[in-house]
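Novice: Got a file for you: structure18.txt, compact mmCIF, C-alpha atoms.
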```
# COMPACT_ATOMS: atom_id res chain seq x y z
CA MET X 23 14.96 15.27 -25.11
CA LEU X 24 15.60 15.65 -21.40
CA GLU X 25 17.18 12.90 -19.32
CA LYS X 26 14.93 10.73 -17.17
CA PRO X 27 14.60 11.66 -13.47
CA SER X 28 16.89 9.99 -10.93
CA LYS X 29 15.61 6.65 -9.67
CA TRP X 30 17.09 7.01 -6.18
CA ARG X 31 14.35 9.16 -4.65
CA ALA X 32 11.43 6.95 -5.75
CA GLY X 33 13.44 3.78 -5.07
CA LEU X 34 14.38 4.78 -1.54
CA ILE X 35 10.87 5.98 -0.64
CA GLY X 36 9.46 2.69 -1.96
CA GLY X 37 12.15 0.81 -0.03
CA ALA X 38 11.26 2.70 3.13
CA VAL X 39 7.61 1.67 2.71
CA ILE X 40 8.63 -1.96 2.15
CA GLY X 41 10.92 -1.81 5.19
CA VAL X 42 8.34 -0.23 7.48
CA VAL X 43 5.60 -2.67 6.41
CA ALA X 44 7.91 -5.67 6.87
CA GLY X 45 9.57 -4.42 10.04
CA ILE X 46 6.69 -3.25 12.23
CA PRO X 47 4.88 -5.98 14.20
CA GLY X 48 1.28 -6.52 13.14
CA ILE X 49 1.60 -4.62 9.86
CA SER X 50 4.19 -7.17 8.76
CA LEU X 51 1.40 -9.76 8.57
CA ILE X 52 0.54 -8.25 5.15
CA ASN X 53 3.63 -10.03 3.82
CA CYS X 54 2.15 -13.37 4.88
CA CYS X 55 0.06 -13.15 1.71
CA CYS X 56 2.79 -13.75 -0.89
CA CYS X 57 4.83 -10.71 0.14
CA ALA X 58 1.90 -8.39 -0.70
CA GLY X 59 3.60 -5.52 1.17
CA VAL X 60 6.70 -5.86 -1.00
CA TRP X 61 4.60 -6.07 -4.20
CA LEU X 62 2.77 -2.89 -3.16
CA GLY X 63 6.06 -1.17 -2.31
CA GLY X 64 7.38 -1.95 -5.80
CA LEU X 65 4.16 -0.69 -7.35
CA LEU X 66 4.29 2.50 -5.27
CA THR X 67 7.91 3.08 -6.37
CA MET X 68 6.79 2.90 -9.99
CA VAL X 69 3.91 5.33 -9.40
CA LEU X 70 6.22 7.81 -7.62
CA TYR X 71 8.77 7.61 -10.42
CA LYS X 72 6.14 8.00 -13.14
CA ASN X 73 4.86 11.17 -11.42
CA GLU X 74 8.31 12.78 -11.79
CA PHE X 75 8.12 12.57 -15.58
CA THR X 76 7.38 15.56 -17.83
CA PRO X 77 6.40 15.38 -21.52
CA GLU X 78 9.88 16.63 -22.54
CA MET X 79 11.62 13.63 -20.98
CA GLN X 80 12.56 10.32 -22.55
CA PRO X 81 9.68 7.84 -22.18
CA LEU X 82 9.29 5.39 -19.33
CA GLU X 83 10.62 1.91 -20.16
CA SER X 84 10.33 -1.57 -18.66
CA SER X 85 14.05 -1.46 -17.79
CA ASP X 86 13.23 1.46 -15.47
CA ALA X 87 10.79 -0.81 -13.63
CA LEU X 88 13.48 -3.47 -13.23
CA ILE X 89 15.97 -0.99 -11.73
CA LEU X 90 13.35 0.67 -9.51
CA GLY X 91 12.18 -2.70 -8.17
CA LEU X 92 15.75 -3.77 -7.49
CA VAL X 93 16.62 -0.54 -5.65
CA SER X 94 13.45 -0.51 -3.53
CA GLY X 95 13.72 -4.25 -2.75
CA ILE X 96 17.33 -3.99 -1.55
CA ALA X 97 16.56 -0.82 0.44
CA GLY X 98 13.46 -2.53 1.90
CA ALA X 99 15.50 -5.55 3.05
CA PHE X 100 18.02 -3.35 4.88
CA ILE X 101 15.39 -1.03 6.38
CA SER X 102 13.17 -3.89 7.63
CA THR X 103 16.19 -5.55 9.26
CA LEU X 104 17.19 -2.24 10.85
CA ILE X 105 13.66 -1.65 12.16
CA GLY X 106 13.51 -5.22 13.48
CA VAL X 107 16.81 -4.78 15.34
CA LEU X 108 15.73 -1.37 16.73
CA ILE X 109 12.39 -2.75 17.93
CA LEU X 110 14.14 -5.69 19.54
CA ALA X 111 16.65 -3.37 21.23
CA ILE X 112 14.22 -0.64 22.36
CA LEU X 113 10.85 -2.26 22.94
CA GLY X 114 11.85 -5.85 23.62
CA PRO X 115 10.40 -8.80 21.77
CA VAL X 116 7.00 -7.21 20.99
CA GLU X 117 6.79 -8.97 17.67
CA ALA X 118 7.64 -12.29 19.26
CA GLU X 119 4.86 -11.86 21.83
CA PHE X 120 2.40 -10.75 19.17
CA LEU X 121 3.22 -13.75 16.99
CA ARG X 122 3.19 -16.06 20.00
CA SER X 123 -0.35 -14.99 20.91
CA ILE X 124 -1.57 -15.60 17.33
CA ILE X 125 0.13 -18.97 17.02
CA GLU X 126 -1.11 -20.04 20.46
CA LYS X 127 -4.69 -19.21 19.44
CA ALA X 128 -4.31 -21.12 16.17
CA LEU X 129 -2.79 -24.10 17.96
CA GLU X 130 -5.53 -24.10 20.57
CA ARG X 131 -8.17 -24.04 17.85
CA LEU X 132 -6.47 -26.90 16.03
CA ALA X 133 -6.28 -28.93 19.23
CA GLU X 134 -9.92 -28.18 20.13
CA ASP X 135 -11.46 -29.13 16.80
CA GLY X 136 -9.24 -32.20 16.59
CA SER X 137 -7.56 -31.17 13.32
CA LEU X 138 -4.20 -32.15 14.78
CA PRO X 139 -3.20 -34.63 17.48
CA SER X 140 -1.87 -33.09 20.69
CA ASP X 141 1.70 -34.28 20.08
CA ALA X 142 1.72 -32.61 16.65
CA VAL X 143 0.45 -29.38 18.23
CA GLU X 144 3.25 -29.57 20.80
CA GLN X 145 5.79 -30.18 18.01
CA LEU X 146 4.56 -27.10 16.15
CA ARG X 147 4.83 -25.04 19.33
CA GLU X 148 8.44 -26.16 19.80
CA GLN X 149 9.28 -25.34 16.18
CA PHE X 150 7.81 -21.89 16.61
CA GLU X 151 9.77 -21.20 19.81
CA THR X 152 13.00 -22.31 18.08
CA SER X 153 12.34 -19.95 15.17
CA LEU X 154 11.70 -17.10 17.63
CA LYS X 155 15.03 -17.72 19.37
CA ASP X 156 16.79 -17.73 15.99
CA SER X 157 15.24 -14.37 15.03
CA ALA X 158 16.69 -12.76 18.17
CA SER X 159 20.26 -13.98 17.56
CA VAL X 160 22.92 -12.27 15.40
CA SER X 161 23.17 -15.28 13.09
CA GLY X 162 19.36 -15.33 12.81
CA ILE X 163 19.24 -11.62 11.93
CA LEU X 164 22.03 -11.99 9.34
CA GLY X 165 20.35 -15.09 7.90
CA ASN X 166 17.06 -13.20 7.63
CA LEU X 167 18.83 -10.26 5.96
CA PHE X 168 20.44 -12.65 3.47
CA VAL X 169 17.10 -14.24 2.55
CA THR X 170 15.25 -10.91 2.31
CA LEU X 171 18.04 -9.45 0.14
CA ILE X 172 17.20 -12.16 -2.39
CA VAL X 173 13.42 -12.37 -1.96
CA TYR X 174 12.41 -8.70 -1.57
CA PRO X 175 14.04 -7.45 -4.80
CA ILE X 176 12.31 -10.25 -6.74
CA PHE X 177 8.84 -9.37 -5.41
CA SER X 178 9.52 -5.65 -5.58
CA ILE X 179 10.50 -5.99 -9.26
CA LEU X 180 7.24 -7.89 -9.84
CA GLY X 181 5.31 -5.04 -8.18
CA ALA X 182 7.16 -2.39 -10.21
CA LEU X 183 6.51 -4.31 -13.44
CA LEU X 184 2.84 -4.58 -12.50
CA GLY X 185 2.86 -0.80 -12.00
CA TYR X 186 4.55 -0.35 -15.37
CA ALA X 187 1.95 -2.60 -17.03
CA LEU X 188 -0.80 -0.47 -15.48
CA PHE X 189 0.70 2.97 -16.15
CA ARG X 190 2.94 2.38 -19.18
CA PRO X 191 2.84 4.89 -22.03
CA LYS X 192 0.22 4.08 -24.67
CA ASN X 193 2.82 4.02 -27.47
CA PRO X 194 5.77 1.78 -26.54
CA PRO X 195 9.19 3.48 -26.83
CA GLN X 196 11.17 3.03 -30.04
CA GLN X 197 13.89 0.38 -29.90
CA ILE X 198 17.38 1.83 -29.43
CA PRO X 199 19.77 0.67 -32.19
CA THR X 200 21.71 -2.34 -30.95
CA GLN X 201 25.15 -1.44 -32.36
CA PRO X 202 26.91 1.95 -32.21
CA ALA X 203 27.85 3.41 -35.58
CA MET F 13 17.66 -18.39 -30.11
CA GLN F 14 16.55 -14.70 -29.80
CA PRO F 15 17.92 -12.83 -26.73
CA SER F 16 14.41 -12.21 -25.36
CA LYS F 17 13.56 -15.90 -25.84
CA HIS F 18 16.77 -16.72 -23.99
CA ILE F 19 15.67 -14.53 -21.06
CA GLN F 20 12.24 -16.17 -21.02
CA VAL F 21 13.85 -19.59 -20.66
CA VAL F 22 16.00 -18.30 -17.78
CA ILE F 23 12.86 -16.93 -16.08
CA LEU F 24 11.12 -20.28 -16.61
CA LEU F 25 14.05 -22.10 -15.00
CA LEU F 26 14.06 -19.73 -12.02
CA VAL F 27 10.29 -20.04 -11.51
CA GLY F 28 10.63 -23.81 -11.89
CA LEU F 29 13.38 -23.87 -9.27
CA TRP F 30 11.26 -21.78 -6.88
CA SER F 31 8.24 -24.07 -7.43
CA ALA F 32 10.34 -27.22 -7.05
CA GLY F 33 11.64 -25.92 -3.71
CA ILE F 34 8.04 -25.76 -2.44
CA LEU F 35 7.64 -29.48 -3.12
CA LEU F 36 11.16 -30.48 -2.07
CA ALA F 37 10.90 -28.94 1.40
CA PRO F 38 8.35 -31.48 2.75
CA ILE F 39 9.96 -34.42 0.95
CA LEU F 40 13.41 -33.67 2.34
CA SER F 41 11.99 -32.81 5.73
CA ALA F 42 10.15 -36.14 5.89
CA ALA F 43 13.42 -37.87 4.96
CA GLY F 44 15.11 -36.13 7.91
CA SER F 45 17.40 -33.96 5.77
CA PRO F 46 18.45 -30.57 7.23
CA ILE F 47 18.05 -29.07 3.74
CA GLY F 48 14.31 -29.44 4.23
CA SER F 49 14.23 -27.06 7.19
CA ALA F 50 16.60 -24.68 5.35
CA LEU F 51 14.12 -24.59 2.47
CA TYR F 52 11.26 -23.79 4.90
CA SER F 53 13.38 -20.86 6.19
CA ILE F 54 13.85 -19.50 2.67
CA TYR F 55 10.09 -19.38 2.08
CA ALA F 56 9.29 -18.09 5.60
CA PRO F 57 9.54 -14.34 4.76
CA VAL F 58 6.93 -14.69 1.98
CA CYS F 59 4.31 -16.89 3.65
CA HIS F 60 2.78 -17.64 7.06
CA GLN F 61 3.31 -21.40 6.44
CA LEU F 62 0.41 -22.30 8.72
CA ASP F 63 -0.07 -26.04 8.75
CA HIS F 64 -3.87 -26.01 8.59
CA ARG F 65 -3.76 -23.68 5.57
CA SER F 66 -1.28 -25.75 3.58
CA PHE F 67 -1.30 -28.76 1.28
CA HIS F 68 0.69 -31.73 2.54
CA LEU F 69 3.18 -34.04 0.88
CA ALA F 70 4.80 -37.07 2.51
CA GLY F 71 2.99 -36.13 5.71
CA GLU F 72 4.58 -32.66 5.86
CA LYS F 73 3.18 -29.27 4.86
CA LEU F 74 4.39 -27.66 1.64
CA ALA F 75 6.85 -24.78 2.02
CA VAL F 76 4.05 -22.24 1.39
CA CYS F 77 0.31 -22.10 2.05
CA VAL F 78 -2.51 -23.14 -0.28
CA ARG F 79 -2.95 -19.67 -1.81
CA CYS F 80 0.78 -19.14 -2.40
CA SER F 81 1.14 -22.67 -3.84
CA ALA F 82 -1.67 -21.94 -6.30
CA ILE F 83 0.01 -18.68 -7.33
CA TYR F 84 3.49 -20.11 -7.84
CA PHE F 85 2.47 -23.33 -9.60
CA SER F 86 0.07 -21.54 -11.94
CA PHE F 87 2.74 -18.86 -12.53
CA PHE F 88 5.08 -21.67 -13.62
CA VAL F 89 2.45 -23.26 -15.91
CA SER F 90 1.65 -19.89 -17.48
CA THR F 91 5.35 -19.06 -17.99
CA LEU F 92 5.84 -22.46 -19.62
CA ALA F 93 2.91 -21.71 -21.94
CA LEU F 94 4.45 -18.33 -22.82
CA VAL F 95 7.77 -19.93 -23.70
CA LEU F 96 6.10 -22.63 -25.78
CA LEU F 97 3.87 -20.10 -27.54
CA ARG F 98 6.91 -17.82 -28.13
CA ARG F 99 5.19 -14.70 -26.82
CA THR F 100 8.15 -12.34 -26.48
CA SER F 101 6.96 -8.86 -27.44
CA ILE F 102 5.48 -6.31 -25.03
CA ARG F 103 3.29 -5.17 -27.93
CA VAL F 104 1.10 -8.21 -27.28
CA LEU F 105 0.51 -7.53 -23.57
CA PRO F 106 -3.13 -8.10 -22.54
CA SER F 107 -5.02 -4.86 -21.95
CA ARG F 108 -5.00 -3.20 -18.51
CA PRO F 109 -8.47 -4.31 -17.29
CA TRP F 110 -7.22 -7.91 -17.27
CA ILE F 111 -4.74 -6.99 -14.51
CA LEU F 112 -7.57 -5.68 -12.37
CA LEU F 113 -9.66 -8.75 -13.19
CA ALA F 114 -6.83 -10.98 -11.93
CA LEU F 115 -6.09 -8.81 -8.88
CA ALA F 116 -9.62 -8.07 -7.64
CA PRO F 117 -10.67 -11.63 -6.58
CA ILE F 118 -7.47 -12.42 -4.66
CA ALA F 119 -7.45 -8.99 -3.01
CA ALA F 120 -11.12 -9.31 -2.03
CA ASP F 121 -10.69 -12.87 -0.69
CA ALA F 122 -7.62 -11.97 1.37
CA ILE F 123 -8.78 -8.57 2.64
CA LEU F 124 -12.30 -9.69 3.53
CA SER F 125 -11.03 -12.70 5.49
CA LEU F 126 -8.53 -10.45 7.30
CA LEU F 127 -10.92 -7.62 8.17
CA THR F 128 -14.38 -9.22 8.38
CA GLY F 129 -15.94 -12.43 9.61
CA TYR F 130 -15.73 -13.94 6.13
CA GLU F 131 -13.73 -17.17 6.22
CA SER F 132 -11.99 -17.97 2.93
CA THR F 133 -12.02 -21.64 1.93
CA THR F 134 -9.38 -23.82 0.33
CA VAL F 135 -11.33 -23.66 -2.93
CA SER F 136 -11.52 -19.84 -2.89
CA ARG F 137 -7.80 -19.57 -2.03
CA VAL F 138 -6.79 -21.93 -4.83
CA ALA F 139 -9.16 -20.33 -7.38
CA THR F 140 -8.18 -16.72 -6.68
CA GLY F 141 -4.48 -17.58 -6.35
CA ALA F 142 -4.45 -19.58 -9.59
CA LEU F 143 -6.23 -16.81 -11.49
CA PHE F 144 -3.64 -14.29 -10.29
CA GLY F 145 -0.73 -16.66 -10.98
CA LEU F 146 -1.97 -17.55 -14.46
CA MET F 147 -2.44 -13.91 -15.49
CA MET F 148 0.75 -12.31 -14.13
CA PRO F 149 3.36 -13.95 -16.42
CA TRP F 150 1.55 -12.56 -19.49
CA TYR F 151 2.61 -9.11 -18.26
CA VAL F 152 5.70 -9.81 -16.22
CA VAL F 153 7.67 -12.21 -18.44
CA PRO F 154 7.63 -10.14 -21.67
CA LEU F 155 8.36 -7.00 -19.64
CA VAL F 156 11.36 -8.59 -17.91
CA ALA F 157 12.65 -9.88 -21.25
CA GLU F 158 12.16 -6.44 -22.82
CA GLY F 159 13.70 -4.65 -19.82
CA VAL F 160 16.80 -6.85 -19.76
CA SER F 161 17.23 -6.35 -23.52
CA GLN F 162 16.98 -2.57 -23.04
CA LEU F 163 19.57 -2.64 -20.26
CA ARG F 164 21.87 -4.80 -22.36
CA THR F 165 21.54 -2.41 -25.32
CA ARG F 166 22.12 0.62 -23.09
CA PHE F 167 25.31 -0.84 -21.61
CA THR F 168 26.53 -1.99 -25.03
CA ILE F 169 26.10 1.55 -26.39
CA LYS F 170 27.81 3.07 -23.35
CA GLU F 171 30.73 0.67 -23.67
CA GLY F 172 30.92 1.43 -27.40
CA SER F 173 30.92 5.19 -26.89
CA SER F 174 33.57 5.07 -24.14
CA TYR F 175 35.71 2.85 -26.38
CA ALA F 176 35.31 5.40 -29.21
CA ARG F 177 36.38 8.23 -26.85
CA GLU F 178 39.46 6.30 -25.75
CA THR F 179 40.58 5.56 -29.29
CA GLN F 180 40.16 9.16 -30.49
```
Starting from the coordinates I provided, produce the structure as structure tokens.
Specialist:
Amino acid sequence: MLEKPSKWRAGLIGGAVIGVVAGIPGISLINCCCCAGVWLGGLLTMVLYKNEFTPEMQPLESSDALILGLVSGIAGAFISTLIGVLILAILGPVEAEFLRSIIEKALERLAEDGSLPSDAVEQLREQFETSLKDSASVSGILGNLFVTLIVYPIFSILGALLGYALFRPKNPPQQIPTQPA
Amino acid sequence: MQPSKHIQVVILLLVGLWSAGILLAPILSAAGSPIGSALYSIYAPVCHQLDHRSFHLAGEKLAVCVRCSAIYFSFFVSTLALVLLRRTSIRVLPSRPWILLALAPIAADAILSLLTGYESTTVSRVATGALFGLMMPWYVVPLVAEGVSQLRTRFTIKEGSSYARETQ
């Protein structure tokens, strides 16, 4: 039987999708729903990898999904940080302005319908401005990279496993013997 | 304890830790501890954390929104059930349509509220999130356990064969 295809190509393409979705202002809002962009990136990685298989190759296994999710999640964390830094350096704080306009609207609505007292609204505004300043500093960027390096692989693995559950071979692969002869 | 059972317990502990962090963030924040705000930062990349879309504890919002809370807490409950029921084999995975059944409501609720005038409610967010969170571990947990076992076996065989080469 032929060896399985390399996981790097599918993993890096999936990671690039995760990174672009998480790094570009506006599109990154998808991740506000439980990291949906990262889940989808993991799932896409699995689909891409599955498409590289031929009938002569060893069957797809759940361990492949784990490795693919890990690779695409780590790549996604680095690429999203890189895109964030590039956007900040080239275009200025577009994302910050975009987020600021959304948060301002939400805060205004909360203040208008009386859901929150005005001092609480002001407190939220201050918290938001502090978080924006942090995201533009080196320590903030490194801190964000650290968190995403933990979180993205987890959600990407979940997406890849979901993809495996959807597209897995009908007959599960035979167990490999546990001890060498 | 079987290796796959062992892995399931580790997954349960990790999911429990993640879920506990969601509840600890507001409690510690209300107590004035800096760990509270650090916890909010950890959950920030995975959720919008909007106050008016979150449950509150000790006067502070949870670390994630209503929908995410429903997903993570039900994921934990379902994982606990899996461990207690000793479901370890991928041969007992629910059939594929169940995935779509769990995914379709949450996707519809989120996408429609994002793209149309439809306003999702707390009830719809909790219901769709809980359905998704309850269903996922039945696929994910046995697959992780199986995958880790496969990796372990693969590395054991590789180590064994390289040892055999060295001793020849």
Novice: For a quick check of understanding, using only C-alpha atoms, which of X:Glu126, X:Gly165, X:Ala44, X:Gly181 has the smallest distance to Ala50 in chain F?
Specialist: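 So, comparing all the options, the nearest one is X:Gly165.
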Novice: Check which residues of chain F sit at most 6 Å from chain X using all atoms listed in the file, and return one row each with the closest pair of atoms and their distance in Å to one decimal, ordered by chain and rising number, as a tab-separated table.
Specialist:
```
residue	atom	partner	partner_atom	distance
F:Val58	CA	X:Cys57	CA	4.9
F:Cys59	CA	X:Cys54	CA	4.3
F:His60	CA	X:Cys54	CA	4.8
F:Cys80	CA	X:Cys56	CA	5.9
F:Arg108	CA	X:Leu188	CA	5.9
F:Leu155	CA	X:Ser84	CA	5.9
F:Gly159	CA	X:Ser85	CA	3.8
F:Thr165	CA	X:Thr200	CA	5.6
F:Ile169	CA	X:Pro202	CA	5.9
```
Novice: List every protein, DNA or RNA residue that has an atom no more than 10 Å from (3.4, -19.7, -20.2) in the file's coordinate frame, counting all atoms listed in the file, and report them as a list of chain:residue names.
Specialist: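 Those residues, ordered by chain and then number, are F:Gln20, F:Leu24, F:Ser86, F:Phe87, F:Phe88, F:Val89, F:Ser90, F:Thr91, F:Leu92, F:Ala93, F:Leu94, F:Val95, F:Leu96, F:Leu97, F:Arg98, F:Arg99, F:Leu146, F:Met147, F:Met148, F:Pro149, F:Trp150, F:Val153.
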Novice: With all atoms listed in the file as the atoms that count, which of X:Ile101, X:Leu62, X:Ile176, X:Val93 lies nearest to Ala119 in chain F?
Specialist: X:Leu62
Novice: Quick one: pull the distance between CA of Ile40 in chain X and CA of Leu35 in chain F, Å, one decimal.
Specialist: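 The value is 28.0 Å.
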Novice: Between F:Leu51, F:Pro109, F:Arg79, F:Ala157, which residue has the minimum interatomic distance to Ala122 in chain F, considering all atoms listed in the file?
Specialist: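 Among the listed residues, the smallest separation from Ala122 in chain F belongs to F:Arg79.
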Novice: So how far away is CA of Trp30 in chain F from CA of Phe167 in chain F, in Å?
Specialist: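 CA of Phe167 in chain F sits 29.2 Å away from CA of Trp30 in chain F.
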Novice: Quick one, how far is CA of Gln80 in chain X from CA of Lys26 in chain X?
Specialist: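 Atom-to-atom, CA of Gln80 in chain X and CA of Lys26 in chain X are spaced 5.9 Å apart.
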Novice: Skip Phe75 in chain X itself and residues of its chain fewer than 3 positions away, then list as a PDB file with C-alpha atoms, keeping the file's coordinate frame all residues within 10 Å of it, counting only C-alpha atoms.
Specialist:
```pdb
ATOM      1  CA  LEU X  24      15.600  15.650 -21.400  1.00  0.00           C
ATOM      2  CA  GLU X  25      17.180  12.900 -19.320  1.00  0.00           C
ATOM      3  CA  LYS X  26      14.930  10.730 -17.170  1.00  0.00           C
ATOM      4  CA  PRO X  27      14.600  11.660 -13.470  1.00  0.00           C
ATOM      5  CA  LEU X  70       6.220   7.810  -7.620  1.00  0.00           C
ATOM      6  CA  TYR X  71       8.770   7.610 -10.420  1.00  0.00           C
ATOM      7  CA  LYS X  72       6.140   8.000 -13.140  1.00  0.00           C
ATOM      8  CA  GLU X  78       9.880  16.630 -22.540  1.00  0.00           C
ATOM      9  CA  MET X  79      11.620  13.630 -20.980  1.00  0.00           C
ATOM     10  CA  GLN X  80      12.560  10.320 -22.550  1.00  0.00           C
ATOM     11  CA  PRO X  81       9.680   7.840 -22.180  1.00  0.00           C
ATOM     12  CA  LEU X  82       9.290   5.390 -19.330  1.00  0.00           C
TER      13      LEU X  82
END
```
Novice: With all atoms listed in the file as the atoms that count, which of X:Leu92, X:Ala32, X:Leu167, X:Ile124 lies nearest to Met68 in chain X?
Specialist: X:Ala32
Novice: When you look at Ala70 in chain F with a cut-off of 12 Å (counting all atoms listed in the file), what residues show up, excluding the ones that are within fewer than 6 positions of it in the same chain? I need them as a list in words.
Specialist: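 Here the qualifying residues turn out to be Leu35, Leu36, Ala37, Pro38, Ile39, Leu40, Ser41, Ala42, Ala43 and Gly44 of chain F.
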Novice: Using only C-alpha atoms, which of X:Ser178, X:Leu108, X:Gly162, X:Arg131 sits nearest His64 in chain F?
Specialist: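 Counting only C-alpha atoms, the residue closest to His64 in chain F is X:Arg131.
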Novice: Given 3 Å of margin on each side, can you work out the centre and size in Å (one decimal) of an axis-aligned box holding every listed atom of range 85-98 of chain F, as lines of an AutoDock Vina configuration file?
Specialist:
```
center_x = 3.9
center_y = -20.6
center_z = -18.9
size_x = 13.7
size_y = 11.5
size_z = 24.5
```
Novice: Would you fill the gaps in range 32-44 of chain F so it has N, CA, C and O atoms, then print it as an mmCIF file, in the frame of the given file?
Specialist:
```
data_model
loop_
_atom_site.group_PDB
_atom_site.id
_atom_site.type_symbol
_atom_site.label_atom_id
_atom_site.label_comp_id
_atom_site.auth_asym_id
_atom_site.auth_seq_id
_atom_site.Cartn_x
_atom_site.Cartn_y
_atom_site.Cartn_z
ATOM 1 N N ALA F 32 9.827 -25.911 -7.471
ATOM 2 C CA ALA F 32 10.340 -27.220 -7.050
ATOM 3 C C ALA F 32 10.727 -27.199 -5.568
ATOM 4 O O ALA F 32 10.509 -28.176 -4.847
ATOM 5 N N GLY F 33 11.260 -26.062 -5.120
ATOM 6 C CA GLY F 33 11.640 -25.920 -3.710
ATOM 7 C C GLY F 33 10.439 -26.094 -2.785
ATOM 8 O O GLY F 33 10.562 -26.661 -1.690
ATOM 9 N N ILE F 34 9.281 -25.644 -3.240
ATOM 10 C CA ILE F 34 8.040 -25.760 -2.440
ATOM 11 C C ILE F 34 7.702 -27.223 -2.208
ATOM 12 O O ILE F 34 7.261 -27.607 -1.126
ATOM 13 N N LEU F 35 7.942 -28.047 -3.229
ATOM 14 C CA LEU F 35 7.640 -29.480 -3.120
ATOM 15 C C LEU F 35 8.781 -30.254 -2.442
ATOM 16 O O LEU F 35 8.542 -31.249 -1.763
ATOM 17 N N LEU F 36 10.004 -29.773 -2.643
ATOM 18 C CA LEU F 36 11.160 -30.480 -2.070
ATOM 19 C C LEU F 36 11.241 -30.345 -0.553
ATOM 20 O O LEU F 36 11.686 -31.267 0.127
ATOM 21 N N ALA F 37 10.800 -29.182 -0.055
ATOM 22 C CA ALA F 37 10.900 -28.940 1.400
ATOM 23 C C ALA F 37 10.229 -30.054 2.218
ATOM 24 O O ALA F 37 10.875 -30.625 3.113
ATOM 25 N N PRO F 38 8.963 -30.398 1.942
ATOM 26 C CA PRO F 38 8.350 -31.480 2.750
ATOM 27 C C PRO F 38 8.979 -32.840 2.504
ATOM 28 O O PRO F 38 9.108 -33.632 3.448
ATOM 29 N N ILE F 39 9.377 -33.104 1.256
ATOM 30 C CA ILE F 39 9.960 -34.420 0.950
ATOM 31 C C ILE F 39 11.274 -34.603 1.707
ATOM 32 O O ILE F 39 11.497 -35.629 2.359
ATOM 33 N N LEU F 40 12.118 -33.577 1.658
ATOM 34 C CA LEU F 40 13.410 -33.670 2.340
ATOM 35 C C LEU F 40 13.229 -33.657 3.855
ATOM 36 O O LEU F 40 13.953 -34.327 4.581
ATOM 37 N N SER F 41 12.255 -32.878 4.296
ATOM 38 C CA SER F 41 11.990 -32.810 5.730
ATOM 39 C C SER F 41 11.517 -34.160 6.257
ATOM 40 O O SER F 41 11.943 -34.609 7.330
ATOM 41 N N ALA F 42 10.652 -34.817 5.486
ATOM 42 C CA ALA F 42 10.150 -36.140 5.890
ATOM 43 C C ALA F 42 11.279 -37.168 5.908
ATOM 44 O O ALA F 42 11.274 -38.102 6.708
ATOM 45 N N ALA F 43 12.268 -36.952 5.015
ATOM 46 C CA ALA F 43 13.420 -37.870 4.960
ATOM 47 C C ALA F 43 14.453 -37.562 6.036
ATOM 48 O O ALA F 43 15.469 -38.242 6.141
ATOM 49 N N GLY F 44 14.210 -36.493 6.814
ATOM 50 C CA GLY F 44 15.110 -36.130 7.910
ATOM 51 C C GLY F 44 16.304 -35.291 7.482
ATOM 52 O O GLY F 44 17.253 -35.122 8.251
#
```
